[in-house]
Amino acid sequence: MFTLRFDMRAPQAGAPAADLYAAAIDMCSWAETRGAVIAVLSEHHATEDGHLPVPHILASAIAARTKQLAILLAAVPITFWDPVRLAEEISVLDIISRGRVSYAFGIGHRAEEYEHFGVEKHERGKLADESLALLLGLLTGEPVDHGGRRIHVTPAPATAGGPYMLVAGGSKAAARRAAKFGLGFISQTDSPDLKEFYEAKCRAHGREPGVIQFPVPGAPTTVFVADDKRAAWDELGPYLLHDAVTAASYRHGDDSVASISRADTVTELRGAQGPYRIFTVDEAAAYIRAGKPLPLLPLCGGVPPEVAWPYLERAVMAAERA
C-alpha cells in the first residue's frame, strides 16, 4: 500500500521534462494494480525548475491510462483560476476519469505567483471565497445567475454535484472556509487547536465535520525503498536536496509545514530523519504493516526515470511482503 506524488520538477541537473512526464503516466498505469492507492498532483507557477502548473492536464492523461487509481489535485490555488473555466475543466475531467479525480483547494502563498497572474495577494481570502462559491454552484449542472450574467457549465460532471472537494491550508481562515462551504479539510500543520476550530465551525453551520487530514508528527512525506541505503543516498541525495531546498524557499522561514526540511546538505537531509527518508524493503514492509501507506515521490527533484524505476519496484516488493 503506497501513495504516489508528482510535482514534475525538472531542474537542469535532472532528467528532461518530456521524459519525466512520460514516466509519471507510465508509473501510475503500472502501479495501480500493485498497491498504489492514489496519485497526488501538486500545482505551482513561475518556478525555476518547471513545477507542474496545470495538474488537470496531467490528471487527464493519467486517468486515460488507468482504470481504478484515485487522483487528487492538491493543492489547487483557486485564486489563480477563473471559476467558470475551472468548472468546465473539472466537469470534463470528472467524465473522463469516471469520478476518480478529487480536489483540495488552497489560496497560494508565493508572491511570485500572484505577480505572475496579476492578482492582488491581500485580496486572496475574499477572492477565494467568491470563486469557491461560484464554482460549487456551477458544478451542479444548473444555470447560475452571477453578476448580471447567466452561466451554464456543460456538460455536467459525471458525479452528481461535482467531484469530491476539500480545502487545504494551515490557518484558521482555511479551516473556516472549509466549514463554511461544507468541505473536508487538509491541514499542512499538526495542530489540535486547528482541528477543534474546524469541527466547531462546521457545527456552527449546522453540519457534521467532513473528512479531515492532519500530518503525523515525525512521519516521512517522501520515501524511497532501496537495497543499500548508503548507496541510495549517494545516488538520490542531490535530487532530494534540490526538492527540499526549493520547497523550503517557498515558505520563507515558515517551519510549521510538515513536509518542509531546512537541510542545506545531503548529509544534513539524511541525518535529520525528517520528511525525506530511504527505507530498506523490510523497513518499508514494516511501515505498511503498521497501517501507514508509503508516501512515494518517485521522480523527486527530477530523478531520471531509469534511476527511479528500481526504487518504485522495491516499494511494490515491500507492499507485497507486507
# chains A, B, ... in the order shown; residues from 1 in each chain; ligands from 1

$ residues_around --residues "stretch 206-219 of chain A" --least-positions-apart "2" --cutoff "9 Å" --atoms "only C-alpha atoms" --output "ChimeraX atom specification"
/A:166,178-179,182-192,195,198-204,221,257-259,273-275

$ select_by_dssp --residues "stretch 41-116 of chain A" --states "strand (DSSP E)" --output "list in words"
Leu41, Ala70, Ile71, Leu72, Leu73, Ala74, Ala75, Val76, Pro77, Val101, Ser102, Tyr103, Ala104, Phe105 and Gly106 of chain A

$ residues_around --residues "A:Gly141" --least-positions-apart "2" --cutoff "12 Å" --atoms "only C-alpha atoms" --output "list in words"
Val84, Ala87, Glu88, Ile90, Ser91, Val92, Leu135, Leu136, Gly137, Leu138, Leu139, Pro143, Val144, Ile151, His152, Val153, Thr154, Pro155, Ala156, Pro157, Ala158, Thr159, Ala160, Gly161 and Gly162 of chain A

$ closest_atom_pairs --of "stretch 15-103 of chain A" --to "stretch 293-317 of chain A" --cutoff "12 Å" --atoms "only C-alpha atoms" --output "CSV"
residue,atom,partner,partner_atom,distance
A:Ala15,CA,A:Pro304,CA,4.8
A:Pro16,CA,A:Gly302,CA,7.9
A:Ala17,CA,A:Gly302,CA,8.1
A:Ala18,CA,A:Pro305,CA,10.8
A:Asp19,CA,A:Pro305,CA,7.2
A:Leu20,CA,A:Pro305,CA,6.6
A:Tyr21,CA,A:Leu299,CA,9.5
A:Ala22,CA,A:Pro305,CA,9.1
A:Ala23,CA,A:Pro305,CA,6.2
A:Ala24,CA,A:Leu299,CA,7.7
A:Ile25,CA,A:Pro305,CA,11.4
A:Asp26,CA,A:Pro305,CA,10.1
A:Met27,CA,A:Trp309,CA,8.2
A:Cys28,CA,A:Pro298,CA,10.5
A:Trp30,CA,A:Glu313,CA,9.9
A:Ala31,CA,A:Val316,CA,7.9
A:Glu32,CA,A:Val316,CA,10.5
A:Thr33,CA,A:Val316,CA,10.0
A:Arg34,CA,A:Val316,CA,6.2
A:Gly35,CA,A:Val316,CA,6.7
A:Ala36,CA,A:Val316,CA,8.5
A:Val37,CA,A:Pro293,CA,8.5
A:Ile38,CA,A:Pro295,CA,10.0
A:Ala39,CA,A:Leu296,CA,9.5
A:Val40,CA,A:Leu297,CA,9.5
A:Leu41,CA,A:Leu297,CA,10.4
A:Ser42,CA,A:Leu297,CA,11.4
A:Glu48,CA,A:Gly301,CA,12.0
A:Asp49,CA,A:Gly301,CA,8.7
A:Gly50,CA,A:Gly302,CA,10.1
A:His51,CA,A:Gly301,CA,9.6
A:Leu52,CA,A:Gly302,CA,11.9

$ select_by_dssp --residues "stretch 157-207 of chain A" --states "helix (DSSP H, G or I)" --output "NGL selection string"
:A and (172-180 or 192-204)

$ residues_around --residues "stretch 229-244 of chain A" --least-positions-apart "3" --cutoff "6 Å" --atoms "only C-alpha atoms" --output "JSON, numbers by chain"
{"A": [226, 247, 261, 266, 301]}

$ write_last_selection --atoms "N, CA, C and O atoms" --output "short mmCIF file (atom, residue, chain, number, x, y, z; two decimals), in the first residue's frame"
data_model
loop_
_atom_site.label_atom_id
_atom_site.label_comp_id
_atom_site.auth_asym_id
_atom_site.auth_seq_id
_atom_site.Cartn_x
_atom_site.Cartn_y
_atom_site.Cartn_z
N ALA A 226 15.20 1.06 -0.94
CA ALA A 226 16.48 0.66 -1.52
C ALA A 226 17.00 -0.63 -0.90
O ALA A 226 16.63 -0.99 0.22
N ALA A 247 11.49 23.62 -2.01
CA ALA A 247 10.23 23.68 -1.27
C ALA A 247 10.34 24.60 -0.06
O ALA A 247 9.42 25.37 0.24
N SER A 261 11.82 20.71 5.03
CA SER A 261 13.11 20.48 5.68
C SER A 261 13.98 21.70 5.47
O SER A 261 13.96 22.31 4.40
N VAL A 266 23.18 17.23 1.67
CA VAL A 266 22.65 15.87 1.66
C VAL A 266 22.89 15.20 3.01
O VAL A 266 22.04 14.47 3.52
N GLY A 301 12.63 15.83 -7.48
CA GLY A 301 13.74 16.68 -7.88
C GLY A 301 14.30 16.38 -9.25
O GLY A 301 15.44 16.74 -9.55
#

$ residues_around --residues "A:Ile96" --least-positions-apart "5" --cutoff "8 Å" --atoms "only C-alpha atoms" --output "PyMOL selection string"
chain A and resi 60+63-64

$ write_last_selection --atoms "C-alpha atoms" --output "PDB file, in the first residue's frame"
ATOM      1  CA  SER A  60      -6.401  13.632 -17.675  1.00  0.00           C
ATOM      2  CA  ALA A  63      -6.961   8.907 -15.976  1.00  0.00           C
ATOM      3  CA  ALA A  64      -6.893   7.784 -19.595  1.00  0.00           C
TER       4      ALA A  64
END

$ residues_around --residues "stretch 117-123 of chain A" --least-positions-apart "5" --cutoff "10 Å" --atoms "only C-alpha atoms" --output "list in words"
His45, Ala46, Thr79, Phe80, Trp81, Ile107, Gly108, His109, Arg110, Ala111, Glu112 and Ala128 of chain A

$ write_last_selection --atoms "N, CA and C atoms" --output "compact mmCIF listing (two decimals), in the first residue's frame"
# COMPACT_ATOMS: atom_id res chain seq x y z
N HIS A 45 3.42 27.75 -9.95
CA HIS A 45 3.61 28.52 -11.18
C HIS A 45 4.88 29.36 -11.12
N ALA A 46 5.43 29.60 -12.30
CA ALA A 46 6.57 30.51 -12.46
C ALA A 46 7.75 30.09 -11.59
N THR A 79 -7.41 30.89 -6.28
CA THR A 79 -7.27 32.33 -6.55
C THR A 79 -6.67 32.61 -7.92
N PHE A 80 -6.03 31.62 -8.54
CA PHE A 80 -5.39 31.84 -9.83
C PHE A 80 -6.22 31.33 -11.00
N TRP A 81 -7.39 30.79 -10.74
CA TRP A 81 -8.20 30.19 -11.79
C TRP A 81 -9.50 30.96 -11.98
N ILE A 107 -5.02 28.68 -1.47
CA ILE A 107 -5.05 30.06 -1.97
C ILE A 107 -3.68 30.53 -2.45
N GLY A 108 -2.69 29.65 -2.40
CA GLY A 108 -1.36 30.05 -2.85
C GLY A 108 -0.66 30.91 -1.80
N HIS A 109 0.67 30.84 -1.79
CA HIS A 109 1.40 31.59 -0.78
C HIS A 109 2.65 32.27 -1.33
N ARG A 110 2.96 32.08 -2.60
CA ARG A 110 4.16 32.69 -3.17
C ARG A 110 3.82 34.01 -3.84
N ALA A 111 4.53 35.06 -3.45
CA ALA A 111 4.30 36.38 -4.05
C ALA A 111 4.55 36.34 -5.55
N GLU A 112 5.51 35.51 -5.98
CA GLU A 112 5.82 35.42 -7.41
C GLU A 112 4.62 34.95 -8.22
N ALA A 128 -10.89 33.95 -2.89
CA ALA A 128 -11.08 32.50 -2.74
C ALA A 128 -12.51 32.16 -2.37

$ closest_residue --among "A:Arg177, A:His116, A:Arg149, A:Lys67" --to "A:Leu132" --atoms "only C-alpha atoms"
A:Arg177

$ closest_residue --among "A:Ser29, A:Ser102, A:Thr265, A:Thr140" --to "A:Ala61" --atoms "only C-alpha atoms"
A:Ser29

$ atom_distance --atom1 "atom CA of A:Leu93" --atom2 "atom CA of A:Gln68"
14.5 Å

$ residues_around --residues "A:Lys172" --least-positions-apart "3" --cutoff "7 Å" --atoms "only C-alpha atoms" --output "mmCIF file with N, CA and C atoms, in the first residue's frame"
data_model
loop_
_atom_site.group_PDB
_atom_site.id
_atom_site.type_symbol
_atom_site.label_atom_id
_atom_site.label_comp_id
_atom_site.auth_asym_id
_atom_site.auth_seq_id
_atom_site.Cartn_x
_atom_site.Cartn_y
_atom_site.Cartn_z
ATOM 1 N N ALA A 175 -9.515 26.725 7.561
ATOM 2 C CA ALA A 175 -10.463 25.850 8.251
ATOM 3 C C ALA A 175 -11.870 26.448 8.235
ATOM 4 N N ARG A 176 -11.943 27.761 8.421
ATOM 5 C CA ARG A 176 -13.241 28.443 8.385
ATOM 6 C C ARG A 176 -13.872 28.329 6.997
ATOM 7 N N LEU A 194 -6.407 23.655 15.637
ATOM 8 C CA LEU A 194 -6.990 23.912 14.321
ATOM 9 C C LEU A 194 -8.059 22.871 13.999
#

$ atom_distance --atom1 "atom CA of A:Ala168" --atom2 "atom CA of A:Ile78"
10.7 Å

$ atom_distance --atom1 "atom CA of A:Glu130" --atom2 "atom CA of A:Tyr103"
17.2 Å
